[in-house]
>>> print(open('final.cif').read())   # mmCIF, C-alpha atoms
data_run
#
loop_
_atom_site.label_atom_id
_atom_site.label_comp_id
_atom_site.auth_asym_id
_atom_site.auth_seq_id
_atom_site.Cartn_x
_atom_site.Cartn_y
_atom_site.Cartn_z
CA MET L 298 121.30 143.59 36.17
CA THR L 299 121.36 143.10 32.41
CA THR L 300 118.59 144.76 30.45
CA LYS L 301 117.63 144.02 26.90
CA PRO L 302 117.46 146.82 24.31
CA PRO L 303 114.08 148.59 24.05
CA GLY L 304 111.74 146.63 21.81
CA ARG L 305 114.06 143.62 21.81
CA LYS L 306 112.19 140.37 22.28
CA PRO L 307 113.62 137.21 23.89
CA ASN L 308 115.96 135.17 21.69
CA LYS L 309 113.40 132.37 21.37
CA HIS L 310 111.21 134.81 19.44
CA TYR L 311 113.87 135.02 16.70
CA ARG L 312 115.12 131.40 16.63
CA SER L 313 114.41 128.01 18.21
CA ARG L 314 118.06 127.34 19.10
CA GLU L 315 121.21 129.32 19.80
CA TYR L 316 123.79 127.13 18.05
CA LEU L 317 124.67 126.02 14.54
CA THR L 318 125.06 122.41 13.45
CA PRO L 319 128.26 121.20 11.75
CA SER L 320 126.51 121.16 8.36
CA GLU L 321 125.37 124.76 8.87
CA VAL L 322 128.90 125.81 9.84
CA ARG L 323 130.19 124.05 6.71
CA SER L 324 127.67 125.98 4.60
CA LEU L 325 128.86 129.26 6.12
CA LEU L 326 132.49 128.38 5.46
CA ASP L 327 131.71 127.40 1.87
CA ALA L 328 129.85 130.68 1.38
CA ALA L 329 132.85 132.62 2.72
CA LEU L 330 135.32 130.75 0.54
CA ASN L 331 133.31 130.83 -2.67
CA ARG L 332 132.06 134.39 -2.61
CA GLN L 333 133.54 136.76 -5.18
CA ALA L 334 135.01 139.17 -2.66
CA ARG L 335 138.44 140.71 -2.33
CA TYR L 336 138.86 139.46 1.21
CA ALA L 337 137.26 136.03 0.88
CA HIS L 338 140.40 134.38 2.31
CA ARG L 339 140.32 136.61 5.39
CA ASP L 340 136.60 136.01 5.88
CA TYR L 341 136.95 132.25 5.57
CA THR L 342 139.85 132.17 8.03
CA LEU L 343 137.92 134.35 10.47
CA MET L 344 134.84 132.11 10.39
CA LEU L 345 136.93 128.95 10.72
CA LEU L 346 138.85 130.22 13.74
CA MET L 347 135.72 131.57 15.43
CA PHE L 348 134.21 128.10 15.17
CA ARG L 349 137.22 125.91 15.92
CA HIS L 350 138.39 127.97 18.88
CA GLY L 351 134.98 128.92 20.25
CA LEU L 352 135.68 132.63 19.89
CA ARG L 353 133.35 135.38 20.94
CA VAL L 354 133.31 138.09 18.29
CA GLY L 355 135.31 140.40 20.59
CA GLU L 356 137.94 137.68 21.01
CA ALA L 357 138.42 137.44 17.26
CA VAL L 358 138.43 141.15 16.38
CA GLY L 359 138.55 144.53 18.09
CA GLU L 360 141.32 146.39 19.86
CA LYS L 361 140.67 144.97 23.32
CA CYS L 362 140.97 141.20 22.87
CA GLY L 363 141.15 140.73 19.10
CA LEU L 364 143.61 138.16 17.81
CA ARG L 365 147.08 139.56 17.18
CA TRP L 366 150.01 138.12 15.32
CA ASP L 367 152.14 137.98 18.45
CA ALA L 368 149.64 135.44 19.83
CA VAL L 369 150.69 132.98 17.12
CA MET L 370 153.58 130.70 18.10
CA TRP L 371 154.63 129.43 14.68
CA GLY L 372 157.27 126.97 15.86
CA GLU L 373 154.98 125.40 18.42
CA ARG L 374 151.96 125.53 16.09
CA GLN L 375 149.90 127.16 18.82
CA ILE L 376 147.90 130.32 19.41
CA PHE L 377 147.18 132.17 22.65
CA ILE L 378 143.47 132.92 23.02
CA THR L 379 142.64 135.99 25.11
CA ARG L 380 139.15 135.50 26.52
CA GLU L 381 136.53 138.09 27.45
CA LYS L 382 133.87 138.23 30.16
CA GLY L 383 136.00 136.78 32.93
CA SER L 384 136.71 133.56 31.03
CA ASP L 385 140.11 131.91 31.32
CA SER L 386 142.56 132.68 28.52
CA GLY L 387 144.70 129.83 27.24
CA VAL L 388 146.76 128.19 24.52
CA HIS L 389 145.19 126.23 21.66
CA PRO L 390 146.90 124.05 19.06
CA LEU L 391 146.73 125.09 15.40
CA ARG L 392 145.88 122.49 12.79
CA ASP L 393 147.76 122.19 9.49
CA ASP L 394 145.11 124.02 7.47
CA GLU L 395 144.96 126.83 10.00
CA MET L 396 148.72 127.30 9.78
CA VAL L 397 148.52 127.57 5.99
CA LEU L 398 145.59 130.00 6.12
CA LEU L 399 147.29 132.21 8.69
CA LYS L 400 150.58 132.32 6.77
CA GLU L 401 148.73 133.40 3.62
CA LEU L 402 146.80 136.01 5.58
CA ARG L 403 150.03 137.32 7.11
CA GLU L 404 151.39 137.89 3.61
CA GLN L 405 148.28 139.90 2.70
CA PHE L 406 148.58 142.20 5.71
CA PRO L 407 152.29 142.25 6.62
CA ASP L 408 152.20 145.55 8.51
CA SER L 409 149.27 144.88 10.83
CA LYS L 410 149.63 143.71 14.42
CA TYR L 411 146.08 142.33 14.26
CA ILE L 412 145.23 139.15 12.38
CA PHE L 413 141.86 140.30 11.05
CA VAL L 414 141.90 143.79 9.59
CA SER L 415 139.85 145.93 7.25
CA GLU L 416 140.97 147.03 3.79
CA ARG L 417 142.35 150.17 5.44
CA GLY L 418 144.64 148.03 7.54
CA GLU L 419 142.78 148.71 10.78
CA VAL L 420 141.51 145.99 13.09
CA MET L 421 138.07 144.77 12.04
CA SER L 422 135.19 145.94 14.19
CA THR L 423 132.73 143.61 15.85
CA ASP L 424 129.95 145.31 13.89
CA ALA L 425 131.71 144.52 10.60
CA VAL L 426 131.86 140.84 11.56
CA ARG L 427 128.18 140.80 12.51
CA LYS L 428 127.27 142.22 9.11
CA LEU L 429 129.61 139.80 7.35
CA LEU L 430 128.09 136.81 9.13
CA GLY L 431 124.61 138.00 8.22
CA ARG L 432 125.57 138.18 4.53
CA LEU L 433 127.20 134.75 4.64
CA ALA L 434 124.13 133.22 6.28
CA VAL L 435 121.95 134.55 3.46
CA GLN L 436 124.37 133.29 0.81
CA ALA L 437 124.50 129.90 2.55
CA GLY L 438 120.72 129.71 2.49
CA LEU L 439 120.44 129.04 6.22
CA ASP L 440 116.92 128.93 7.58
CA ILE L 441 117.90 130.34 10.96
CA LYS L 442 118.64 133.89 12.03
CA VAL L 443 122.37 133.79 12.73
CA HIS L 444 124.42 135.90 15.15
CA CYS L 445 128.12 135.78 16.00
CA HIS L 446 127.85 134.04 19.38
CA MET L 447 126.29 131.06 17.64
CA MET L 448 129.75 130.20 16.30
CA ARG L 449 130.99 129.75 19.89
CA HIS L 450 127.93 127.68 20.77
CA ALA L 451 128.46 125.64 17.57
CA CYS L 452 131.94 124.79 18.85
CA GLY L 453 130.58 123.53 22.18
CA TYR L 454 127.79 121.61 20.44
CA TYR L 455 130.28 119.96 18.08
CA LEU L 456 132.73 118.99 20.83
CA VAL L 457 130.10 117.43 23.11
CA ASN L 458 128.71 115.41 20.21
CA GLN L 459 132.23 114.17 19.46
CA GLY L 460 132.32 112.69 22.96
CA TYR L 461 134.79 115.04 24.64
CA SER L 462 134.34 115.42 28.38
CA THR L 463 132.64 118.39 30.00
CA ARG L 464 135.91 119.24 31.75
CA GLU L 465 137.86 119.27 28.46
CA ILE L 466 135.27 121.50 26.81
CA GLN L 467 135.23 123.77 29.87
CA ASP L 468 138.99 124.29 29.63
CA PHE L 469 138.89 124.75 25.85
CA LEU L 470 136.18 127.43 25.98
CA GLY L 471 137.64 129.06 29.08
CA HIS L 472 134.55 128.67 31.26
CA ARG L 473 135.36 129.31 34.92
CA ASP L 474 132.04 127.84 36.03
CA ILE L 475 131.39 124.33 34.72
CA LYS L 476 127.65 125.07 34.76
CA ASN L 477 128.24 127.19 31.65
CA THR L 478 129.66 124.12 29.93
CA GLU L 479 127.10 121.60 31.14
CA LYS L 480 124.40 123.20 28.98
CA TYR L 481 126.11 121.63 25.96
CA THR L 482 125.57 118.11 27.30
CA LYS L 483 121.83 118.70 26.86
CA LEU L 484 122.48 119.19 23.13
CA ASN L 485 123.95 115.72 22.69
CA ALA L 486 121.19 113.71 20.96
CA ARG L 487 123.46 110.65 20.78
CA ARG L 488 122.64 109.97 24.44
CA PHE L 489 119.22 108.78 23.29
CA LEU L 490 120.21 106.57 20.34
CA ASN L 491 119.88 103.42 22.46
CA PHE L 492 116.23 104.13 23.31
CA ASP L 493 114.16 101.17 22.11
CA TRP L 494 110.72 102.09 20.80
CA GLY L 495 109.71 98.54 19.96
CA ASP L 496 107.11 98.46 17.18
CA LEU L 497 106.07 102.07 17.70
#
>>> encode(input="final.cif", output="structure tokens")
Amino acid sequence: MTTKPPGRKPNKHYRSREYLTPSEVRSLLDAALNRQARYAHRDYTLMLLMFRHGLRVGEAVGEKCGLRWDAVMWGERQIFITREKGSDSGVHPLRDDEMVLLKELREQFPDSKYIFVSERGEVMSTDAVRKLLGRLAVQAGLDIKVHCHMMRHACGYYLVNQGYSTREIQDFLGHRDIKNTEKYTKLNARRFLNFDWGDL
């Protein structure tokens, strides 16, 4: 049985929804790219991959499942995603801009086996990413309290609104139970665009 931390209220107390819209994700990415920080490139790449590949924070960073360079198949333009929480791991394609970003990042940290590392060359911690995302949300001026898992939900929300099937999204996010994927279909407002309200 999962218990919430003492004094922790239900999520709906802190926010009305648990996902970010595409425009909110874009604002976060812009904040990461435009901030005057030494590791702005790393931060931007991290946020982009978390969104595009539906990564949990522990699948992006950390020693257990964090992304490593040996997961990148440069010739095939693919990356192996190791999933947490009993989800199915799998291979995702890498887009052109992701390839460029990763190659530049590799040059910045040539001696690390992990893709996302701290200035000391150690794998980034999940706590560091949580704090980073909090700062970016403030800089982006978002009016919602953001947490890392919202990037994964944003991915599912985006894909269902692009018309991809529940089965495709299930495989992409690694859900073993399709019920975990079906919740995204409820976030597709386009289903209701054909409602005719007459003169009202």
>>> residues_near_point(input="final.cif", point="(126.0, 124.9, 21.9)", cutoff="7 Å", atoms="only C-alpha atoms", output="PDB file with C-alpha atoms, keeping the file's coordinate frame")
ATOM      1  CA  GLU L 315     121.210 129.320  19.800  1.00  0.00           C
ATOM      2  CA  TYR L 316     123.790 127.130  18.050  1.00  0.00           C
ATOM      3  CA  HIS L 450     127.930 127.680  20.770  1.00  0.00           C
ATOM      4  CA  ALA L 451     128.460 125.640  17.570  1.00  0.00           C
ATOM      5  CA  CYS L 452     131.940 124.790  18.850  1.00  0.00           C
ATOM      6  CA  GLY L 453     130.580 123.530  22.180  1.00  0.00           C
ATOM      7  CA  TYR L 454     127.790 121.610  20.440  1.00  0.00           C
ATOM      8  CA  TYR L 481     126.110 121.630  25.960  1.00  0.00           C
ATOM      9  CA  LEU L 484     122.480 119.190  23.130  1.00  0.00           C
TER      10      LEU L 484
END
>>> resolve_selection(input="final.cif", expression="the PyMOL selection byres ((chain L and resi 354-361) around 7)", output="count of residues only")
16
>>> closest_residue(input="final.cif", among="L:Ser313, L:Thr342, L:Ser324, L:Asn458", to="Phe489 (chain L)", atoms="all atoms listed in the file")
L:Asn458
>>> residues_around(input="final.cif", residues="region 431-444 of chain L", least_positions_apart="2", cutoff="9 Å", atoms="only C-alpha atoms", output="ChimeraX atom specification")
/L:311-317,321,324-329,332,426-429,446-448
>>> write_last_selection(input="final.cif", atoms="C-alpha atoms", output="mmCIF file, in the frame of the given file")
data_model
loop_
_atom_site.group_PDB
_atom_site.id
_atom_site.type_symbol
_atom_site.label_atom_id
_atom_site.label_comp_id
_atom_site.auth_asym_id
_atom_site.auth_seq_id
_atom_site.Cartn_x
_atom_site.Cartn_y
_atom_site.Cartn_z
ATOM 1 C CA TYR L 311 113.870 135.020 16.700
ATOM 2 C CA ARG L 312 115.120 131.400 16.630
ATOM 3 C CA SER L 313 114.410 128.010 18.210
ATOM 4 C CA ARG L 314 118.060 127.340 19.100
ATOM 5 C CA GLU L 315 121.210 129.320 19.800
ATOM 6 C CA TYR L 316 123.790 127.130 18.050
ATOM 7 C CA LEU L 317 124.670 126.020 14.540
ATOM 8 C CA GLU L 321 125.370 124.760 8.870
ATOM 9 C CA SER L 324 127.670 125.980 4.600
ATOM 10 C CA LEU L 325 128.860 129.260 6.120
ATOM 11 C CA LEU L 326 132.490 128.380 5.460
ATOM 12 C CA ASP L 327 131.710 127.400 1.870
ATOM 13 C CA ALA L 328 129.850 130.680 1.380
ATOM 14 C CA ALA L 329 132.850 132.620 2.720
ATOM 15 C CA ARG L 332 132.060 134.390 -2.610
ATOM 16 C CA VAL L 426 131.860 140.840 11.560
ATOM 17 C CA ARG L 427 128.180 140.800 12.510
ATOM 18 C CA LYS L 428 127.270 142.220 9.110
ATOM 19 C CA LEU L 429 129.610 139.800 7.350
ATOM 20 C CA HIS L 446 127.850 134.040 19.380
ATOM 21 C CA MET L 447 126.290 131.060 17.640
ATOM 22 C CA MET L 448 129.750 130.200 16.300
#
>>> closest_residue(input="final.cif", among="L:Arg403, L:Arg417, L:Arg449, L:Arg487", to="Gly471 (chain L)", atoms="all atoms listed in the file")
L:Arg449
>>> resolve_selection(input="final.cif", expression="the PyMOL selection byres ((chain L and resi 384) around 8)", output="list in words")
Arg380, Glu381, Lys382, Gly383, Asp385, Ser386, Leu470, Gly471, His472 and Arg473 of chain L
>>> write_last_selection(input="final.cif", atoms="C-alpha atoms", output="mmCIF file, in the frame of the given file")
data_model
loop_
_atom_site.group_PDB
_atom_site.id
_atom_site.type_symbol
_atom_site.label_atom_id
_atom_site.label_comp_id
_atom_site.auth_asym_id
_atom_site.auth_seq_id
_atom_site.Cartn_x
_atom_site.Cartn_y
_atom_site.Cartn_z
ATOM 1 C CA ARG L 380 139.150 135.500 26.520
ATOM 2 C CA GLU L 381 136.530 138.090 27.450
ATOM 3 C CA LYS L 382 133.870 138.230 30.160
ATOM 4 C CA GLY L 383 136.000 136.780 32.930
ATOM 5 C CA ASP L 385 140.110 131.910 31.320
ATOM 6 C CA SER L 386 142.560 132.680 28.520
ATOM 7 C CA LEU L 470 136.180 127.430 25.980
ATOM 8 C CA GLY L 471 137.640 129.060 29.080
ATOM 9 C CA HIS L 472 134.550 128.670 31.260
ATOM 10 C CA ARG L 473 135.360 129.310 34.920
#
>>> atom_distance(input="final.cif", atom1="CA of Trp366 (chain L)", atom2="CA of Ile412 (chain L)")
5.7 Å
>>> residues_around(input="final.cif", residues="Arg488 (chain L)", least_positions_apart="4", cutoff="12 Å", atoms="only C-alpha atoms", output="PDB file with C-alpha atoms, in the coordinates of the input")
ATOM      1  CA  VAL L 457     130.100 117.430  23.110  1.00  0.00           C
ATOM      2  CA  ASN L 458     128.710 115.410  20.210  1.00  0.00           C
ATOM      3  CA  GLN L 459     132.230 114.170  19.460  1.00  0.00           C
ATOM      4  CA  GLY L 460     132.320 112.690  22.960  1.00  0.00           C
ATOM      5  CA  THR L 482     125.570 118.110  27.300  1.00  0.00           C
ATOM      6  CA  LYS L 483     121.830 118.700  26.860  1.00  0.00           C
ATOM      7  CA  LEU L 484     122.480 119.190  23.130  1.00  0.00           C
ATOM      8  CA  PHE L 492     116.230 104.130  23.310  1.00  0.00           C
TER       9      PHE L 492
END
>>> atom_distance(input="final.cif", atom1="CA of Ala486 (chain L)", atom2="CA of Pro319 (chain L)")
13.8 Å
>>> axis_aligned_box(input="final.cif", around="region 334-343 of chain L", padding_each_side="3 Å", output="lines of an AutoDock Vina configuration file")
center_x = 137.7
center_y = 136.4
center_z = 3.9
size_x = 11.4
size_y = 14.5
size_z = 19.1
>>> atom_distance(input="final.cif", atom1="CA of Ile376 (chain L)", atom2="CA of His350 (chain L)")
9.8 Å
>>> closest_residue(input="final.cif", among="L:Arg323, L:Phe377, L:Arg335, L:Thr318", to="Leu456 (chain L)", atoms="only C-alpha atoms")
L:Thr318
>>> closest_residue(input="final.cif", among="L:Val322, L:Leu345, L:Ile378, L:Ala368", to="Asp468 (chain L)", atoms="only C-alpha atoms")
L:Ile378
>>> build_atoms(input="final.cif", residues="region 439-459 of chain L", atoms="N, CA, C and O atoms", output="PDB file, in the frame of the given file")
ATOM      1  N   LEU L 439     120.826 129.586   4.914  1.00  0.00           N
ATOM      2  CA  LEU L 439     120.440 129.040   6.220  1.00  0.00           C
ATOM      3  C   LEU L 439     119.045 129.518   6.608  1.00  0.00           C
ATOM      4  O   LEU L 439     118.696 130.679   6.414  1.00  0.00           O
ATOM      5  N   ASP L 440     118.281 128.617   7.183  1.00  0.00           N
ATOM      6  CA  ASP L 440     116.920 128.930   7.580  1.00  0.00           C
ATOM      7  C   ASP L 440     116.826 129.314   9.053  1.00  0.00           C
ATOM      8  O   ASP L 440     115.819 129.063   9.717  1.00  0.00           O
ATOM      9  N   ILE L 441     117.881 129.904   9.568  1.00  0.00           N
ATOM     10  CA  ILE L 441     117.900 130.340  10.960  1.00  0.00           C
ATOM     11  C   ILE L 441     118.570 131.702  11.014  1.00  0.00           C
ATOM     12  O   ILE L 441     119.502 131.978  10.260  1.00  0.00           O
ATOM     13  N   LYS L 442     118.064 132.556  11.875  1.00  0.00           N
ATOM     14  CA  LYS L 442     118.640 133.890  12.030  1.00  0.00           C
ATOM     15  C   LYS L 442     119.933 133.769  12.823  1.00  0.00           C
ATOM     16  O   LYS L 442     119.930 133.419  13.998  1.00  0.00           O
ATOM     17  N   VAL L 443     121.050 134.057  12.169  1.00  0.00           N
ATOM     18  CA  VAL L 443     122.370 133.790  12.730  1.00  0.00           C
ATOM     19  C   VAL L 443     122.960 135.040  13.390  1.00  0.00           C
ATOM     20  O   VAL L 443     122.813 136.144  12.893  1.00  0.00           O
ATOM     21  N   HIS L 444     123.630 134.836  14.526  1.00  0.00           N
ATOM     22  CA  HIS L 444     124.420 135.900  15.150  1.00  0.00           C
ATOM     23  C   HIS L 444     125.774 135.327  15.541  1.00  0.00           C
ATOM     24  O   HIS L 444     125.959 134.099  15.575  1.00  0.00           O
ATOM     25  N   CYS L 445     126.725 136.197  15.819  1.00  0.00           N
ATOM     26  CA  CYS L 445     128.120 135.780  16.000  1.00  0.00           C
ATOM     27  C   CYS L 445     128.329 134.770  17.126  1.00  0.00           C
ATOM     28  O   CYS L 445     129.143 133.855  17.002  1.00  0.00           O
ATOM     29  N   HIS L 446     127.600 134.915  18.230  1.00  0.00           N
ATOM     30  CA  HIS L 446     127.850 134.040  19.380  1.00  0.00           C
ATOM     31  C   HIS L 446     127.450 132.596  19.075  1.00  0.00           C
ATOM     32  O   HIS L 446     127.866 131.668  19.781  1.00  0.00           O
ATOM     33  N   MET L 447     126.678 132.415  18.014  1.00  0.00           N
ATOM     34  CA  MET L 447     126.290 131.060  17.640  1.00  0.00           C
ATOM     35  C   MET L 447     127.488 130.252  17.156  1.00  0.00           C
ATOM     36  O   MET L 447     127.462 129.016  17.195  1.00  0.00           O
ATOM     37  N   MET L 448     128.541 130.920  16.706  1.00  0.00           N
ATOM     38  CA  MET L 448     129.750 130.200  16.300  1.00  0.00           C
ATOM     39  C   MET L 448     130.426 129.575  17.529  1.00  0.00           C
ATOM     40  O   MET L 448     130.930 128.449  17.466  1.00  0.00           O
ATOM     41  N   ARG L 449     130.428 130.282  18.646  1.00  0.00           N
ATOM     42  CA  ARG L 449     130.990 129.750  19.890  1.00  0.00           C
ATOM     43  C   ARG L 449     130.135 128.574  20.385  1.00  0.00           C
ATOM     44  O   ARG L 449     130.659 127.534  20.771  1.00  0.00           O
ATOM     45  N   HIS L 450     128.813 128.765  20.358  1.00  0.00           N
ATOM     46  CA  HIS L 450     127.930 127.680  20.770  1.00  0.00           C
ATOM     47  C   HIS L 450     128.068 126.471  19.835  1.00  0.00           C
ATOM     48  O   HIS L 450     127.967 125.323  20.270  1.00  0.00           O
ATOM     49  N   ALA L 451     128.278 126.735  18.536  1.00  0.00           N
ATOM     50  CA  ALA L 451     128.460 125.640  17.570  1.00  0.00           C
ATOM     51  C   ALA L 451     129.682 124.813  17.935  1.00  0.00           C
ATOM     52  O   ALA L 451     129.691 123.587  17.781  1.00  0.00           O
ATOM     53  N   CYS L 452     130.714 125.482  18.419  1.00  0.00           N
ATOM     54  CA  CYS L 452     131.940 124.790  18.850  1.00  0.00           C
ATOM     55  C   CYS L 452     131.625 123.852  20.007  1.00  0.00           C
ATOM     56  O   CYS L 452     131.990 122.669  19.978  1.00  0.00           O
ATOM     57  N   GLY L 453     130.936 124.363  21.035  1.00  0.00           N
ATOM     58  CA  GLY L 453     130.580 123.530  22.180  1.00  0.00           C
ATOM     59  C   GLY L 453     129.684 122.376  21.792  1.00  0.00           C
ATOM     60  O   GLY L 453     129.864 121.242  22.254  1.00  0.00           O
ATOM     61  N   TYR L 454     128.718 122.653  20.923  1.00  0.00           N
ATOM     62  CA  TYR L 454     127.790 121.610  20.440  1.00  0.00           C
ATOM     63  C   TYR L 454     128.567 120.519  19.700  1.00  0.00           C
ATOM     64  O   TYR L 454     128.333 119.327  19.913  1.00  0.00           O
ATOM     65  N   TYR L 455     129.487 120.928  18.841  1.00  0.00           N
ATOM     66  CA  TYR L 455     130.280 119.960  18.080  1.00  0.00           C
ATOM     67  C   TYR L 455     131.125 119.092  19.011  1.00  0.00           C
ATOM     68  O   TYR L 455     131.148 117.863  18.876  1.00  0.00           O
ATOM     69  N   LEU L 456     131.816 119.726  19.959  1.00  0.00           N
ATOM     70  CA  LEU L 456     132.730 118.990  20.830  1.00  0.00           C
ATOM     71  C   LEU L 456     131.990 117.981  21.709  1.00  0.00           C
ATOM     72  O   LEU L 456     132.459 116.853  21.896  1.00  0.00           O
ATOM     73  N   VAL L 457     130.829 118.368  22.250  1.00  0.00           N
ATOM     74  CA  VAL L 457     130.100 117.430  23.110  1.00  0.00           C
ATOM     75  C   VAL L 457     129.570 116.265  22.300  1.00  0.00           C
ATOM     76  O   VAL L 457     129.537 115.119  22.780  1.00  0.00           O
ATOM     77  N   ASN L 458     129.197 116.501  21.052  1.00  0.00           N
ATOM     78  CA  ASN L 458     128.710 115.410  20.210  1.00  0.00           C
ATOM     79  C   ASN L 458     129.831 114.527  19.682  1.00  0.00           C
ATOM     80  O   ASN L 458     129.563 113.436  19.177  1.00  0.00           O
ATOM     81  N   GLN L 459     131.072 115.003  19.804  1.00  0.00           N
ATOM     82  CA  GLN L 459     132.230 114.170  19.460  1.00  0.00           C
ATOM     83  C   GLN L 459     132.677 113.333  20.652  1.00  0.00           C
ATOM     84  O   GLN L 459     133.599 112.526  20.540  1.00  0.00           O
TER      85      GLN L 459
END
